[in-house]
Amino acid sequence: MRVGLFVTCLIDAVRPEIGFAALKLLEDAGCTVEVPATQTCCGQPGYNSGDAAAGRALARKVIEEFAGFDYVVVPSGSCGGQIRLHFIELLKDDPDLKARAEDLAARTYELCDFLATVLKVERLDSRFAGRITYHDSCCGLRELGVQAQPRRLLALLPGVQLTEMDDCTQCCGFGGTFSIKYGDVSGAIVDEKCRNIRASGAEAVVLGDLGCMLNIEGRLRRTGDETTRVLHVAQVLAGDA
């Protein structure tokens, strides 16, 4: 099985260890993984800010770069949602490109969804142990239906104790450019998320989107919490945390 790994620009620039963890998980599951060297951004930030022209240009670029793979796997619900849903909308006026966007969408999966649903992974080489809680990132949950899949995979780790926080499916307040445009509202939302994380008694909060990770971790640290770890689910599942 030939898999193209869409690393995401944020992971590449800020937390490349997440990309390596995703690569390990896929290779351990028997996939032949390739990472197109020219990949950059899925175009979501510009698209969300109203720059449809840039979104279309980047959509065409991603379609070209990931043509020919059996599957495309993304360790990010937001980028996965952009590729699976919004490329088709952006390219709807060009029948050929729309058809290619639909083909790519059918082959594209968020990482946990791919491991649990397509590969049906039943064993993971991870010794991670500890008390965790899980935050459901908005795009992964609402656009891709990713909720049970990461929990199913985490349950394969005997040392992990998962305690659900209150309102685990509630937004963390990041929302890409939302946190910039509406800073006060975003701050209030992430404050509530951090209170729920601390109230769960977990040693770490685990999630599937780096934007949410950075928002939550930044707020925890700025409010004096230096101990709660904020981890991408790929790091936990791969044992690289």
# chains A, B, ... in the order shown; residues from 1 in each chain; ligands from 1
call {"tool": "residues_around", "arguments": {"residues": "A:Leu153", "least_positions_apart": "5", "cutoff": "9 Å", "atoms": "only C-alpha atoms", "output": "list in words"}}
result
Cys112, Leu115, Ala116, Val121, Glu122, Arg123, Leu124, Ala148 and Leu237 of chain A
call {"tool": "select_by_dssp", "arguments": {"residues": "stretch 113-163 of chain A", "states": "alpha helix (DSSP H)", "output": "compact mmCIF listing (two decimals) with N, CA and C atoms, in the first residue's frame"}}
result
# COMPACT_ATOMS: atom_id res chain seq x y z
N ASP A 113 -8.16 8.02 11.83
CA ASP A 113 -9.22 7.39 11.04
C ASP A 113 -8.62 6.33 10.12
N CYS A 138 -12.10 20.62 16.44
CA CYS A 138 -13.35 20.90 15.74
C CYS A 138 -13.43 20.31 14.34
N CYS A 139 -12.43 20.55 13.51
CA CYS A 139 -12.53 20.09 12.12
C CYS A 139 -12.50 18.57 12.02
N GLY A 140 -11.62 17.94 12.79
CA GLY A 140 -11.58 16.48 12.77
C GLY A 140 -12.91 15.89 13.18
N LEU A 141 -13.51 16.46 14.21
CA LEU A 141 -14.78 15.95 14.73
C LEU A 141 -15.94 16.28 13.80
N ARG A 142 -16.08 17.55 13.47
CA ARG A 142 -17.29 18.00 12.78
C ARG A 142 -17.24 17.84 11.27
N GLU A 143 -16.07 17.88 10.69
CA GLU A 143 -15.96 17.72 9.24
C GLU A 143 -15.64 16.29 8.83
N LEU A 144 -14.89 15.56 9.67
CA LEU A 144 -14.42 14.23 9.28
C LEU A 144 -14.98 13.10 10.14
N ALA A 148 -14.37 8.45 17.79
CA ALA A 148 -14.14 7.13 18.38
C ALA A 148 -12.77 6.57 17.98
N GLN A 149 -12.28 6.93 16.80
CA GLN A 149 -11.06 6.32 16.28
C GLN A 149 -9.83 6.53 17.17
N PRO A 150 -9.52 7.77 17.58
CA PRO A 150 -8.35 7.93 18.45
C PRO A 150 -8.51 7.24 19.78
N ARG A 151 -9.71 7.22 20.31
CA ARG A 151 -9.94 6.54 21.59
C ARG A 151 -9.78 5.03 21.45
N ARG A 152 -10.21 4.49 20.31
CA ARG A 152 -10.04 3.06 20.06
C ARG A 152 -8.55 2.70 20.02
N LEU A 153 -7.76 3.56 19.40
CA LEU A 153 -6.31 3.31 19.32
C LEU A 153 -5.64 3.49 20.68
N LEU A 154 -6.02 4.52 21.40
CA LEU A 154 -5.44 4.74 22.73
C LEU A 154 -5.75 3.59 23.68
call {"tool": "residues_around", "arguments": {"residues": "A:Leu111", "least_positions_apart": "3", "cutoff": "6 Å", "atoms": "only C-alpha atoms", "output": "list of chain:residue names"}}
result
A:Val73, A:Val74, A:Pro75, A:Phe114
call {"tool": "select_by_dssp", "arguments": {"residues": "stretch 3-120 of chain A", "states": "strand (DSSP E or B)", "output": "NGL selection string"}}
result
:A and (3-5 or 32-34 or 71-74 or 108-110)
call {"tool": "residues_around", "arguments": {"residues": "A:Ser78", "least_positions_apart": "2", "cutoff": "12 Å", "atoms": "only C-alpha atoms", "output": "PDB file with N, CA, C and O atoms, in the first residue's frame"}}
result
ATOM      1  N   THR A   8       1.683  18.682   6.693  1.00  0.00           N
ATOM      2  CA  THR A   8       1.121  20.002   7.044  1.00  0.00           C
ATOM      3  C   THR A   8       2.260  20.985   7.287  1.00  0.00           C
ATOM      4  O   THR A   8       3.301  20.632   7.855  1.00  0.00           O
ATOM      5  N   CYS A   9       2.036  22.214   6.887  1.00  0.00           N
ATOM      6  CA  CYS A   9       3.081  23.232   7.010  1.00  0.00           C
ATOM      7  C   CYS A   9       3.359  23.565   8.473  1.00  0.00           C
ATOM      8  O   CYS A   9       4.502  23.844   8.850  1.00  0.00           O
ATOM      9  N   LEU A  10       2.337  23.519   9.323  1.00  0.00           N
ATOM     10  CA  LEU A  10       2.529  23.859  10.729  1.00  0.00           C
ATOM     11  C   LEU A  10       3.388  22.809  11.430  1.00  0.00           C
ATOM     12  O   LEU A  10       4.296  23.154  12.199  1.00  0.00           O
ATOM     13  N   CYS A  41       1.405  24.108   1.925  1.00  0.00           N
ATOM     14  CA  CYS A  41       0.189  24.363   2.708  1.00  0.00           C
ATOM     15  C   CYS A  41      -1.040  23.866   1.952  1.00  0.00           C
ATOM     16  O   CYS A  41      -1.063  23.880   0.713  1.00  0.00           O
ATOM     17  N   CYS A  42      -2.047  23.450   2.701  1.00  0.00           N
ATOM     18  CA  CYS A  42      -3.320  23.042   2.081  1.00  0.00           C
ATOM     19  C   CYS A  42      -4.149  24.249   1.659  1.00  0.00           C
ATOM     20  O   CYS A  42      -5.132  24.096   0.931  1.00  0.00           O
ATOM     21  N   GLY A  43      -3.794  25.429   2.156  1.00  0.00           N
ATOM     22  CA  GLY A  43      -4.506  26.643   1.774  1.00  0.00           C
ATOM     23  C   GLY A  43      -5.604  27.063   2.716  1.00  0.00           C
ATOM     24  O   GLY A  43      -6.283  28.076   2.487  1.00  0.00           O
ATOM     25  N   GLN A  44      -5.784  26.328   3.813  1.00  0.00           N
ATOM     26  CA  GLN A  44      -6.899  26.625   4.709  1.00  0.00           C
ATOM     27  C   GLN A  44      -6.858  28.039   5.305  1.00  0.00           C
ATOM     28  O   GLN A  44      -7.897  28.714   5.342  1.00  0.00           O
ATOM     29  N   PRO A  45      -5.703  28.537   5.799  1.00  0.00           N
ATOM     30  CA  PRO A  45      -5.712  29.884   6.398  1.00  0.00           C
ATOM     31  C   PRO A  45      -6.203  30.960   5.439  1.00  0.00           C
ATOM     32  O   PRO A  45      -7.035  31.804   5.805  1.00  0.00           O
ATOM     33  N   ASN A  48     -10.009  30.444   4.677  1.00  0.00           N
ATOM     34  CA  ASN A  48     -10.853  30.886   5.789  1.00  0.00           C
ATOM     35  C   ASN A  48     -10.909  32.406   5.912  1.00  0.00           C
ATOM     36  O   ASN A  48     -11.834  32.954   6.510  1.00  0.00           O
ATOM     37  N   VAL A  74      -3.219  12.437   6.671  1.00  0.00           N
ATOM     38  CA  VAL A  74      -2.947  13.762   7.215  1.00  0.00           C
ATOM     39  C   VAL A  74      -3.060  13.716   8.738  1.00  0.00           C
ATOM     40  O   VAL A  74      -4.121  13.365   9.260  1.00  0.00           O
ATOM     41  N   PRO A  75      -2.000  14.058   9.478  1.00  0.00           N
ATOM     42  CA  PRO A  75      -2.094  14.086  10.951  1.00  0.00           C
ATOM     43  C   PRO A  75      -2.691  15.386  11.467  1.00  0.00           C
ATOM     44  O   PRO A  75      -2.182  16.027  12.382  1.00  0.00           O
ATOM     45  N   SER A  76      -3.820  15.778  10.876  1.00  0.00           N
ATOM     46  CA  SER A  76      -4.472  17.040  11.213  1.00  0.00           C
ATOM     47  C   SER A  76      -5.887  17.018  10.672  1.00  0.00           C
ATOM     48  O   SER A  76      -6.088  16.862   9.460  1.00  0.00           O
ATOM     49  N   GLY A  80      -7.017  17.922   6.831  1.00  0.00           N
ATOM     50  CA  GLY A  80      -7.770  16.838   6.216  1.00  0.00           C
ATOM     51  C   GLY A  80      -9.137  17.313   5.741  1.00  0.00           C
ATOM     52  O   GLY A  80      -9.590  16.949   4.650  1.00  0.00           O
ATOM     53  N   GLY A  81      -9.793  18.131   6.536  1.00  0.00           N
ATOM     54  CA  GLY A  81     -11.085  18.672   6.138  1.00  0.00           C
ATOM     55  C   GLY A  81     -10.984  19.588   4.931  1.00  0.00           C
ATOM     56  O   GLY A  81     -11.856  19.583   4.053  1.00  0.00           O
ATOM     57  N   GLN A  82      -9.917  20.376   4.866  1.00  0.00           N
ATOM     58  CA  GLN A  82      -9.719  21.258   3.716  1.00  0.00           C
ATOM     59  C   GLN A  82      -9.598  20.445   2.438  1.00  0.00           C
ATOM     60  O   GLN A  82     -10.214  20.764   1.415  1.00  0.00           O
ATOM     61  N   ILE A  83      -8.810  19.373   2.491  1.00  0.00           N
ATOM     62  CA  ILE A  83      -8.588  18.553   1.298  1.00  0.00           C
ATOM     63  C   ILE A  83      -9.855  17.778   0.925  1.00  0.00           C
ATOM     64  O   ILE A  83     -10.240  17.719  -0.245  1.00  0.00           O
ATOM     65  N   ARG A  84     -10.518  17.198   1.899  1.00  0.00           N
ATOM     66  CA  ARG A  84     -11.651  16.327   1.600  1.00  0.00           C
ATOM     67  C   ARG A  84     -12.925  17.085   1.246  1.00  0.00           C
ATOM     68  O   ARG A  84     -13.738  16.595   0.462  1.00  0.00           O
ATOM     69  N   LEU A  85     -13.113  18.250   1.807  1.00  0.00           N
ATOM     70  CA  LEU A  85     -14.363  18.975   1.602  1.00  0.00           C
ATOM     71  C   LEU A  85     -14.216  20.248   0.779  1.00  0.00           C
ATOM     72  O   LEU A  85     -14.952  20.477  -0.174  1.00  0.00           O
ATOM     73  N   HIS A  86     -13.259  21.073   1.157  1.00  0.00           N
ATOM     74  CA  HIS A  86     -13.230  22.424   0.604  1.00  0.00           C
ATOM     75  C   HIS A  86     -12.529  22.526  -0.747  1.00  0.00           C
ATOM     76  O   HIS A  86     -12.812  23.463  -1.505  1.00  0.00           O
ATOM     77  N   TYR A 109      -7.405  10.587   4.281  1.00  0.00           N
ATOM     78  CA  TYR A 109      -7.881  10.251   5.620  1.00  0.00           C
ATOM     79  C   TYR A 109      -7.067  10.974   6.682  1.00  0.00           C
ATOM     80  O   TYR A 109      -5.847  11.121   6.537  1.00  0.00           O
ATOM     81  N   GLU A 110      -7.719  11.375   7.738  1.00  0.00           N
ATOM     82  CA  GLU A 110      -7.019  11.811   8.946  1.00  0.00           C
ATOM     83  C   GLU A 110      -6.301  10.592   9.521  1.00  0.00           C
ATOM     84  O   GLU A 110      -6.757   9.451   9.380  1.00  0.00           O
ATOM     85  N   LEU A 111      -5.176  10.814  10.189  1.00  0.00           N
ATOM     86  CA  LEU A 111      -4.294   9.734  10.618  1.00  0.00           C
ATOM     87  C   LEU A 111      -5.001   8.664  11.449  1.00  0.00           C
ATOM     88  O   LEU A 111      -4.913   7.464  11.140  1.00  0.00           O
ATOM     89  N   ASP A 136     -11.289  16.837  21.498  1.00  0.00           N
ATOM     90  CA  ASP A 136     -11.721  16.619  20.116  1.00  0.00           C
ATOM     91  C   ASP A 136     -11.635  17.925  19.338  1.00  0.00           C
ATOM     92  O   ASP A 136     -12.420  18.854  19.579  1.00  0.00           O
ATOM     93  N   SER A 137     -10.700  18.002  18.421  1.00  0.00           N
ATOM     94  CA  SER A 137     -10.527  19.207  17.632  1.00  0.00           C
ATOM     95  C   SER A 137     -11.702  19.376  16.664  1.00  0.00           C
ATOM     96  O   SER A 137     -12.224  18.403  16.117  1.00  0.00           O
ATOM     97  N   CYS A 138     -12.096  20.619  16.441  1.00  0.00           N
ATOM     98  CA  CYS A 138     -13.345  20.903  15.739  1.00  0.00           C
ATOM     99  C   CYS A 138     -13.431  20.306  14.336  1.00  0.00           C
ATOM    100  O   CYS A 138     -14.413  19.652  13.994  1.00  0.00           O
ATOM    101  N   CYS A 139     -12.435  20.547  13.507  1.00  0.00           N
ATOM    102  CA  CYS A 139     -12.527  20.091  12.116  1.00  0.00           C
ATOM    103  C   CYS A 139     -12.499  18.570  12.022  1.00  0.00           C
ATOM    104  O   CYS A 139     -13.249  17.975  11.251  1.00  0.00           O
ATOM    105  N   GLY A 140     -11.624  17.941  12.791  1.00  0.00           N
ATOM    106  CA  GLY A 140     -11.577  16.482  12.774  1.00  0.00           C
ATOM    107  C   GLY A 140     -12.910  15.889  13.183  1.00  0.00           C
ATOM    108  O   GLY A 140     -13.407  14.930  12.579  1.00  0.00           O
ATOM    109  N   LEU A 141     -13.512  16.456  14.215  1.00  0.00           N
ATOM    110  CA  LEU A 141     -14.782  15.949  14.732  1.00  0.00           C
ATOM    111  C   LEU A 141     -15.941  16.282  13.804  1.00  0.00           C
ATOM    112  O   LEU A 141     -16.706  15.394  13.397  1.00  0.00           O
ATOM    113  N   ARG A 142     -16.085  17.548  13.467  1.00  0.00           N
ATOM    114  CA  ARG A 142     -17.294  18.002  12.778  1.00  0.00           C
ATOM    115  C   ARG A 142     -17.236  17.838  11.271  1.00  0.00           C
ATOM    116  O   ARG A 142     -18.282  17.682  10.625  1.00  0.00           O
ATOM    117  N   GLU A 143     -16.066  17.885  10.686  1.00  0.00           N
ATOM    118  CA  GLU A 143     -15.964  17.717   9.235  1.00  0.00           C
ATOM    119  C   GLU A 143     -15.640  16.287   8.830  1.00  0.00           C
ATOM    120  O   GLU A 143     -16.069  15.838   7.766  1.00  0.00           O
ATOM    121  N   LEU A 144     -14.894  15.560   9.666  1.00  0.00           N
ATOM    122  CA  LEU A 144     -14.425  14.229   9.282  1.00  0.00           C
ATOM    123  C   LEU A 144     -14.981  13.103  10.142  1.00  0.00           C
ATOM    124  O   LEU A 144     -14.736  11.933   9.854  1.00  0.00           O
ATOM    125  N   GLY A 145     -15.692  13.434  11.199  1.00  0.00           N
ATOM    126  CA  GLY A 145     -16.263  12.391  12.046  1.00  0.00           C
ATOM    127  C   GLY A 145     -15.249  11.621  12.860  1.00  0.00           C
ATOM    128  O   GLY A 145     -15.466  10.451  13.202  1.00  0.00           O
ATOM    129  N   VAL A 146     -14.149  12.269  13.203  1.00  0.00           N
ATOM    130  CA  VAL A 146     -13.100  11.608  13.989  1.00  0.00           C
ATOM    131  C   VAL A 146     -13.386  11.838  15.473  1.00  0.00           C
ATOM    132  O   VAL A 146     -13.256  12.949  15.976  1.00  0.00           O
ATOM    133  N   PHE A 174      -9.176  28.315  19.168  1.00  0.00           N
ATOM    134  CA  PHE A 174      -8.151  28.684  18.187  1.00  0.00           C
ATOM    135  C   PHE A 174      -8.801  29.083  16.870  1.00  0.00           C
ATOM    136  O   PHE A 174      -8.794  30.243  16.493  1.00  0.00           O
ATOM    137  N   GLY A 175      -9.345  28.123  16.161  1.00  0.00           N
ATOM    138  CA  GLY A 175     -10.083  28.430  14.935  1.00  0.00           C
ATOM    139  C   GLY A 175      -9.271  29.160  13.893  1.00  0.00           C
ATOM    140  O   GLY A 175      -9.810  29.981  13.144  1.00  0.00           O
ATOM    141  N   GLY A 176      -7.957  28.917  13.843  1.00  0.00           N
ATOM    142  CA  GLY A 176      -7.115  29.597  12.867  1.00  0.00           C
ATOM    143  C   GLY A 176      -7.129  31.102  13.072  1.00  0.00           C
ATOM    144  O   GLY A 176      -6.761  31.608  14.128  1.00  0.00           O
ATOM    145  N   GLY A 208      -5.508  15.852  18.194  1.00  0.00           N
ATOM    146  CA  GLY A 208      -5.068  15.509  16.851  1.00  0.00           C
ATOM    147  C   GLY A 208      -4.808  16.669  15.930  1.00  0.00           C
ATOM    148  O   GLY A 208      -4.708  16.466  14.718  1.00  0.00           O
ATOM    149  N   ASP A 209      -4.671  17.875  16.460  1.00  0.00           N
ATOM    150  CA  ASP A 209      -4.459  19.033  15.597  1.00  0.00           C
ATOM    151  C   ASP A 209      -3.476  19.986  16.261  1.00  0.00           C
ATOM    152  O   ASP A 209      -3.702  20.428  17.389  1.00  0.00           O
ATOM    153  N   LEU A 210      -2.401  20.314  15.554  1.00  0.00           N
ATOM    154  CA  LEU A 210      -1.344  21.114  16.152  1.00  0.00           C
ATOM    155  C   LEU A 210      -1.795  22.534  16.486  1.00  0.00           C
ATOM    156  O   LEU A 210      -1.342  23.121  17.467  1.00  0.00           O
ATOM    157  N   GLY A 211      -2.706  23.102  15.698  1.00  0.00           N
ATOM    158  CA  GLY A 211      -3.199  24.439  16.028  1.00  0.00           C
ATOM    159  C   GLY A 211      -3.821  24.471  17.415  1.00  0.00           C
ATOM    160  O   GLY A 211      -3.544  25.368  18.219  1.00  0.00           O
ATOM    161  N   CYS A 212      -4.652  23.479  17.707  1.00  0.00           N
ATOM    162  CA  CYS A 212      -5.256  23.384  19.044  1.00  0.00           C
ATOM    163  C   CYS A 212      -4.184  23.142  20.099  1.00  0.00           C
ATOM    164  O   CYS A 212      -4.261  23.683  21.212  1.00  0.00           O
TER     165      CYS A 212
END
call {"tool": "residues_around", "arguments": {"residues": "stretch 201-206 of chain A", "least_positions_apart": "6", "cutoff": "8 Å", "atoms": "only C-alpha atoms", "output": "PDB file with N, CA, C and O atoms, in the first residue's frame"}}
result
ATOM      1  N   GLY A 130       0.354   6.714  31.407  1.00  0.00           N
ATOM      2  CA  GLY A 130      -0.022   7.889  32.174  1.00  0.00           C
ATOM      3  C   GLY A 130      -1.509   8.167  32.087  1.00  0.00           C
ATOM      4  O   GLY A 130      -2.247   7.521  31.340  1.00  0.00           O
ATOM      5  N   ARG A 131      -1.946   9.140  32.886  1.00  0.00           N
ATOM      6  CA  ARG A 131      -3.340   9.561  32.912  1.00  0.00           C
ATOM      7  C   ARG A 131      -3.525  10.693  31.907  1.00  0.00           C
ATOM      8  O   ARG A 131      -2.857  11.718  32.002  1.00  0.00           O
ATOM      9  N   ILE A 132      -4.417  10.484  30.945  1.00  0.00           N
ATOM     10  CA  ILE A 132      -4.620  11.481  29.894  1.00  0.00           C
ATOM     11  C   ILE A 132      -6.090  11.860  29.794  1.00  0.00           C
ATOM     12  O   ILE A 132      -6.977  11.156  30.289  1.00  0.00           O
ATOM     13  N   THR A 133      -6.339  12.984  29.155  1.00  0.00           N
ATOM     14  CA  THR A 133      -7.679  13.352  28.728  1.00  0.00           C
ATOM     15  C   THR A 133      -7.581  13.716  27.260  1.00  0.00           C
ATOM     16  O   THR A 133      -6.490  14.005  26.756  1.00  0.00           O
ATOM     17  N   TYR A 134      -8.711  13.675  26.546  1.00  0.00           N
ATOM     18  CA  TYR A 134      -8.664  13.872  25.090  1.00  0.00           C
ATOM     19  C   TYR A 134      -9.531  15.059  24.679  1.00  0.00           C
ATOM     20  O   TYR A 134     -10.688  15.176  25.098  1.00  0.00           O
ATOM     21  N   HIS A 135      -8.946  15.935  23.860  1.00  0.00           N
ATOM     22  CA  HIS A 135      -9.673  17.070  23.292  1.00  0.00           C
ATOM     23  C   HIS A 135     -10.000  16.766  21.840  1.00  0.00           C
ATOM     24  O   HIS A 135      -9.111  16.464  21.044  1.00  0.00           O
ATOM     25  N   THR A 163      -9.309   9.659  30.997  1.00  0.00           N
ATOM     26  CA  THR A 163     -10.416  10.266  31.738  1.00  0.00           C
ATOM     27  C   THR A 163     -10.979  11.394  30.891  1.00  0.00           C
ATOM     28  O   THR A 163     -10.261  12.344  30.561  1.00  0.00           O
ATOM     29  N   THR A 227       3.139  21.901  34.210  1.00  0.00           N
ATOM     30  CA  THR A 227       3.267  20.446  34.330  1.00  0.00           C
ATOM     31  C   THR A 227       2.378  19.655  33.381  1.00  0.00           C
ATOM     32  O   THR A 227       2.757  18.549  32.953  1.00  0.00           O
ATOM     33  N   THR A 228       1.191  20.149  33.052  1.00  0.00           N
ATOM     34  CA  THR A 228       0.307  19.393  32.156  1.00  0.00           C
ATOM     35  C   THR A 228       0.905  19.336  30.760  1.00  0.00           C
ATOM     36  O   THR A 228       1.167  20.369  30.141  1.00  0.00           O
ATOM     37  N   ARG A 229       1.129  18.132  30.282  1.00  0.00           N
ATOM     38  CA  ARG A 229       1.702  17.977  28.951  1.00  0.00           C
ATOM     39  C   ARG A 229       0.611  18.087  27.890  1.00  0.00           C
ATOM     40  O   ARG A 229      -0.539  17.706  28.121  1.00  0.00           O
ATOM     41  N   VAL A 230       0.988  18.610  26.736  1.00  0.00           N
ATOM     42  CA  VAL A 230       0.060  18.745  25.609  1.00  0.00           C
ATOM     43  C   VAL A 230       0.678  17.991  24.439  1.00  0.00           C
ATOM     44  O   VAL A 230       1.723  18.382  23.916  1.00  0.00           O
ATOM     45  N   LEU A 231       0.035  16.879  24.045  1.00  0.00           N
ATOM     46  CA  LEU A 231       0.650  15.948  23.105  1.00  0.00           C
ATOM     47  C   LEU A 231      -0.251  15.660  21.926  1.00  0.00           C
ATOM     48  O   LEU A 231      -1.474  15.527  22.070  1.00  0.00           O
ATOM     49  N   HIS A 232       0.357  15.511  20.765  1.00  0.00           N
ATOM     50  CA  HIS A 232      -0.390  15.042  19.605  1.00  0.00           C
ATOM     51  C   HIS A 232      -0.597  13.543  19.761  1.00  0.00           C
ATOM     52  O   HIS A 232       0.284  12.813  20.227  1.00  0.00           O
ATOM     53  N   VAL A 233      -1.757  13.076  19.331  1.00  0.00           N
ATOM     54  CA  VAL A 233      -2.078  11.653  19.499  1.00  0.00           C
ATOM     55  C   VAL A 233      -1.061  10.761  18.795  1.00  0.00           C
ATOM     56  O   VAL A 233      -0.772   9.650  19.255  1.00  0.00           O
ATOM     57  N   VAL A 236       1.810   9.900  21.132  1.00  0.00           N
ATOM     58  CA  VAL A 236       1.437   8.915  22.151  1.00  0.00           C
ATOM     59  C   VAL A 236       1.377   7.516  21.549  1.00  0.00           C
ATOM     60  O   VAL A 236       1.918   6.547  22.081  1.00  0.00           O
TER      61      VAL A 236
END
call {"tool": "residues_around", "arguments": {"residues": "A:Val62", "least_positions_apart": "2", "cutoff": "10 Å", "atoms": "only C-alpha atoms", "output": "VMD selection string"}}
result
chain A and resid 6 36 38 to 43 56 to 60 64 to 67 83 87 101 104
call {"tool": "write_last_selection", "arguments": {"atoms": "N, CA, C and O atoms", "output": "tab-separated table (two decimals), in the first residue's frame"}}
result
chain	number	residue	atom	x	y	z
A	6	PHE	N	0.79	13.79	3.99
A	6	PHE	CA	0.71	15.25	3.95
A	6	PHE	C	1.07	15.75	5.34
A	6	PHE	O	0.27	15.67	6.27
A	36	PRO	N	6.03	13.82	-0.43
A	36	PRO	CA	6.41	14.71	-1.54
A	36	PRO	C	7.16	15.94	-1.03
A	36	PRO	O	6.65	16.67	-0.18
A	38	THR	N	7.88	18.76	-2.33
A	38	THR	CA	7.43	20.10	-2.71
A	38	THR	C	6.18	20.54	-1.98
A	38	THR	O	5.73	21.67	-2.16
A	39	GLN	N	5.60	19.68	-1.13
A	39	GLN	CA	4.36	20.04	-0.45
A	39	GLN	C	4.57	21.22	0.49
A	39	GLN	O	5.63	21.37	1.09
A	40	THR	N	3.56	22.05	0.59
A	40	THR	CA	3.63	23.20	1.50
A	40	THR	C	2.34	23.25	2.31
A	40	THR	O	2.18	22.51	3.27
A	41	CYS	N	1.40	24.11	1.92
A	41	CYS	CA	0.19	24.36	2.71
A	41	CYS	C	-1.04	23.87	1.95
A	41	CYS	O	-1.06	23.88	0.71
A	42	CYS	N	-2.05	23.45	2.70
A	42	CYS	CA	-3.32	23.04	2.08
A	42	CYS	C	-4.15	24.25	1.66
A	42	CYS	O	-5.13	24.10	0.93
A	43	GLY	N	-3.79	25.43	2.16
A	43	GLY	CA	-4.51	26.64	1.77
A	43	GLY	C	-5.60	27.06	2.72
A	43	GLY	O	-6.28	28.08	2.49
A	56	ARG	N	-7.56	28.11	-4.34
A	56	ARG	CA	-7.62	27.32	-5.57
A	56	ARG	C	-6.23	26.95	-6.07
A	56	ARG	O	-5.98	25.82	-6.51
A	57	ALA	N	-5.30	27.90	-6.01
A	57	ALA	CA	-3.94	27.63	-6.48
A	57	ALA	C	-3.29	26.53	-5.65
A	57	ALA	O	-2.63	25.63	-6.19
A	58	LEU	N	-3.45	26.59	-4.34
A	58	LEU	CA	-2.86	25.58	-3.48
A	58	LEU	C	-3.58	24.24	-3.62
A	58	LEU	O	-2.95	23.18	-3.53
A	59	ALA	N	-4.89	24.27	-3.84
A	59	ALA	CA	-5.62	23.03	-4.08
A	59	ALA	C	-5.09	22.32	-5.31
A	59	ALA	O	-4.87	21.10	-5.31
A	60	ARG	N	-4.89	23.06	-6.40
A	60	ARG	CA	-4.35	22.46	-7.63
A	60	ARG	C	-2.97	21.87	-7.36
A	60	ARG	O	-2.63	20.78	-7.86
A	64	GLU	N	-1.87	17.80	-7.68
A	64	GLU	CA	-0.76	17.33	-8.53
A	64	GLU	C	0.24	16.52	-7.70
A	64	GLU	O	0.71	15.46	-8.13
A	65	GLU	N	0.59	17.02	-6.53
A	65	GLU	CA	1.63	16.38	-5.71
A	65	GLU	C	1.22	15.02	-5.19
A	65	GLU	O	2.07	14.14	-4.99
A	66	PHE	N	-0.07	14.82	-4.96
A	66	PHE	CA	-0.53	13.58	-4.34
A	66	PHE	C	-1.31	12.69	-5.31
A	66	PHE	O	-2.01	11.79	-4.88
A	67	ALA	N	-1.13	12.93	-6.60
A	67	ALA	CA	-1.72	12.04	-7.59
A	67	ALA	C	-0.97	10.71	-7.58
A	67	ALA	O	0.24	10.66	-7.40
A	83	ILE	N	-8.81	19.37	2.49
A	83	ILE	CA	-8.59	18.55	1.30
A	83	ILE	C	-9.85	17.78	0.92
A	83	ILE	O	-10.24	17.72	-0.25
A	87	PHE	N	-11.63	21.58	-1.08
A	87	PHE	CA	-11.06	21.59	-2.43
A	87	PHE	C	-12.17	21.44	-3.47
A	87	PHE	O	-12.15	22.09	-4.52
A	101	ALA	N	-10.36	16.64	-7.61
A	101	ALA	CA	-10.49	16.93	-6.18
A	101	ALA	C	-11.35	15.87	-5.49
A	101	ALA	O	-11.05	15.46	-4.36
A	104	LEU	N	-9.20	12.78	-5.05
A	104	LEU	CA	-8.27	12.96	-3.94
A	104	LEU	C	-8.99	12.86	-2.60
A	104	LEU	O	-8.51	12.22	-1.66
call {"tool": "closest_residue", "arguments": {"among": "A:Asp191, A:Ala54, A:Ala105, A:Val160", "to": "A:Cys79", "atoms": "only C-alpha atoms"}}
result
A:Ala105
call {"tool": "residues_around", "arguments": {"residues": "A:Leu220", "least_positions_apart": "2", "cutoff": "12 Å", "atoms": "only C-alpha atoms", "output": "JSON, numbers by chain"}}
result
{"A": [172, 187, 190, 191, 192, 193, 194, 195, 196, 197, 198, 204, 205, 213, 214, 215, 216, 217, 218, 222, 223, 224, 225, 226, 227, 228, 229, 230]}
call {"tool": "atom_distance", "arguments": {"atom1": "atom CA of A:Gly68", "atom2": "atom CA of A:Arg107"}}
result
10.1 Å
call {"tool": "atom_distance", "arguments": {"atom1": "atom CA of A:Gln147", "atom2": "atom CA of A:Lys120"}}
result
15.4 Å
